[in-house]
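K.L.:
You'll find work_2.pdb just under this line, and it carries PDB, C-alpha atoms.
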ATOM      1  CA  MET A   1       7.849  23.369 -10.184  1.00  0.00           C
ATOM      2  CA  LYS A   2       9.667  21.435  -7.446  1.00  0.00           C
ATOM      3  CA  ALA A   3       7.078  22.554  -4.914  1.00  0.00           C
ATOM      4  CA  LEU A   4       4.295  21.228  -7.129  1.00  0.00           C
ATOM      5  CA  VAL A   5       5.981  17.831  -7.426  1.00  0.00           C
ATOM      6  CA  LEU A   6       6.534  17.721  -3.662  1.00  0.00           C
ATOM      7  CA  MET A   7       2.904  18.599  -2.956  1.00  0.00           C
ATOM      8  CA  ALA A   8       1.710  15.901  -5.367  1.00  0.00           C
ATOM      9  CA  ALA A   9       3.946  13.313  -3.697  1.00  0.00           C
ATOM     10  CA  LEU A  10       2.672  14.278  -0.254  1.00  0.00           C
ATOM     11  CA  ALA A  11      -0.922  14.063  -1.432  1.00  0.00           C
ATOM     12  CA  LEU A  12      -0.364  10.549  -2.748  1.00  0.00           C
ATOM     13  CA  THR A  13       1.241   9.368   0.460  1.00  0.00           C
ATOM     14  CA  ALA A  14      -1.672  10.774   2.433  1.00  0.00           C
ATOM     15  CA  CYS A  15      -4.130   8.733   0.360  1.00  0.00           C
ATOM     16  CA  ALA A  16      -2.269   5.447   0.270  1.00  0.00           C
ATOM     17  CA  SER A  17       0.155   3.762   2.583  1.00  0.00           C
ATOM     18  CA  GLY A  18       2.237   0.749   1.605  1.00  0.00           C
ATOM     19  CA  ALA A  19       1.429  -2.650   3.086  1.00  0.00           C
ATOM     20  CA  GLY A  20       4.967  -3.179   4.416  1.00  0.00           C
ATOM     21  CA  PHE A  21       7.295  -6.141   4.129  1.00  0.00           C
ATOM     22  CA  GLY A  22       5.433  -8.805   6.141  1.00  0.00           C
ATOM     23  CA  ASN A  23       7.083 -11.980   7.385  1.00  0.00           C
ATOM     24  CA  ALA A  24       8.402 -13.270   4.051  1.00  0.00           C
ATOM     25  CA  GLY A  25      10.922 -10.515   3.359  1.00  0.00           C
ATOM     26  CA  GLY A  26       8.615  -8.554   1.068  1.00  0.00           C
ATOM     27  CA  ILE A  27       7.095 -11.444  -0.895  1.00  0.00           C
ATOM     28  CA  ALA A  28       3.294 -11.210  -0.999  1.00  0.00           C
ATOM     29  CA  THR A  29       2.278 -14.498   0.596  1.00  0.00           C
ATOM     30  CA  TYR A  30      -1.368 -15.384   1.108  1.00  0.00           C
ATOM     31  CA  ASP A  31      -1.071 -14.984   4.885  1.00  0.00           C
ATOM     32  CA  ASP A  32       0.670 -11.599   4.664  1.00  0.00           C
ATOM     33  CA  LEU A  33      -1.885 -10.294   2.148  1.00  0.00           C
ATOM     34  CA  LYS A  34      -4.713 -11.494   4.384  1.00  0.00           C
ATOM     35  CA  LYS A  35      -3.211  -9.748   7.442  1.00  0.00           C
ATOM     36  CA  ALA A  36      -2.560  -6.572   5.459  1.00  0.00           C
ATOM     37  CA  GLN A  37      -6.147  -6.577   4.121  1.00  0.00           C
ATOM     38  CA  GLN A  38      -7.553  -7.043   7.625  1.00  0.00           C
ATOM     39  CA  ALA A  39      -5.394  -4.224   9.022  1.00  0.00           C
ATOM     40  CA  CYS A  40      -6.415  -1.990   6.142  1.00  0.00           C
ATOM     41  CA  ALA A  41     -10.112  -2.779   6.585  1.00  0.00           C
ATOM     42  CA  ALA A  42      -9.806  -1.916  10.284  1.00  0.00           C
ATOM     43  CA  LYS A  43      -8.672   1.560   9.182  1.00  0.00           C
ATOM     44  CA  GLY A  44     -11.641   1.868   6.815  1.00  0.00           C
ATOM     45  CA  GLY A  45      -9.692   1.166   3.639  1.00  0.00           C
ATOM     46  CA  SER A  46      -9.195  -1.451   0.979  1.00  0.00           C
ATOM     47  CA  LEU A  47      -5.905  -3.111   0.021  1.00  0.00           C
ATOM     48  CA  LYS A  48      -5.130  -2.506  -3.655  1.00  0.00           C
ATOM     49  CA  LEU A  49      -2.183  -3.155  -5.943  1.00  0.00           C
ATOM     50  CA  GLN A  50      -0.535   0.158  -6.772  1.00  0.00           C
ATOM     51  CA  LYS A  51      -0.296   1.320 -10.390  1.00  0.00           C
ATOM     52  CA  ASN A  52       2.523  -0.563 -12.151  1.00  0.00           C
ATOM     53  CA  GLY A  53       2.994  -2.609  -8.975  1.00  0.00           C
ATOM     54  CA  ASP A  54       4.245  -6.185  -8.982  1.00  0.00           C
ATOM     55  CA  PRO A  55       1.669  -8.485  -7.344  1.00  0.00           C
ATOM     56  CA  GLN A  56       4.502 -10.668  -6.005  1.00  0.00           C
ATOM     57  CA  PHE A  57       5.720  -7.944  -3.617  1.00  0.00           C
ATOM     58  CA  LEU A  58       3.749  -6.912  -0.541  1.00  0.00           C
ATOM     59  CA  ASP A  59       5.127  -3.381  -0.542  1.00  0.00           C
ATOM     60  CA  ASP A  60       3.536  -2.789  -3.969  1.00  0.00           C
ATOM     61  CA  TYR A  61       0.091  -2.928  -2.340  1.00  0.00           C
ATOM     62  CA  ALA A  62      -1.448   0.108  -0.646  1.00  0.00           C
ATOM     63  CA  CYS A  63      -4.261   0.690   1.784  1.00  0.00           C
ATOM     64  CA  GLU A  64      -6.560   3.121   0.011  1.00  0.00           C
ATOM     65  CA  LYS A  65      -9.380   4.867   1.824  1.00  0.00           C
ATOM     66  CA  LYS A  66     -12.824   4.137   0.423  1.00  0.00           C
TER      67      LYS A  66
END
Any chance you could put this one into C-alpha cells?

P.N.:
Amino acid sequence: MKALVLMAALALTACASGAGFGNAGGIATYDDLKKAQQACAAKGGSLKLQKNGDPQFLDDYACEKK
C-alpha cells in the first residue's frame, strides 16, 4: 500500500511542478504570476491553481503540461 501511495505522489510531481515563492515571499503578486506563466509557457505548459490551492499563494500554482 505504501508503495502505491509513493508511486502516485511521484506521478503527480512529474506532471506538475510548483511555481515557487517569487519575490514577495510566496504571495502571488501580478508580476510573479506573470513571470511564472511565461516560464511555464516556455516549457510547453500552462500555469494552473492546484486543487484546493489558495490563489493568494504562488506556491499553490503548478505548471501543468498541455

K.L.:
Give the answer as one residue: which of A:Gln38, A:Lys65, A:Lys51, A:Asp59 has the shortest atom-to-atom distance to Gly26 (chain A), using all atoms listed in the file?

P.N.:
A:Asp59

K.L.:
Find the distance between CA of Asp54 (chain A) and CA of Lys66 (chain A) and write it in Å to one decimal.

P.N.:
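Distance reported for this atom pair: 22.1 Å.
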
K.L.:
When the PyMOL selection byres ((chain A and resi 58) around 6) is applied to the structure above, which residues does it catch, written out as a ChimeraX atom specification?

P.N.:
/A:21,26-28,57,59-61

K.L.:
Please compute the CA of Ala62 (chain A)-CA of Ser46 (chain A) distance, one decimal, in Å.

P.N.:
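CA of Ser46 (chain A) lies 8.1 Å from CA of Ala62 (chain A).
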
K.L.:
Run the PyMOL selection byres ((chain A and resi 48) around 10) mentally over the shown coordinates, then write out the matched residues as a ChimeraX atom specification, using the chain letters and numbers from the document.

P.N.:
/A:16,18-19,37,40,45-47,49-51,53,55,60-64
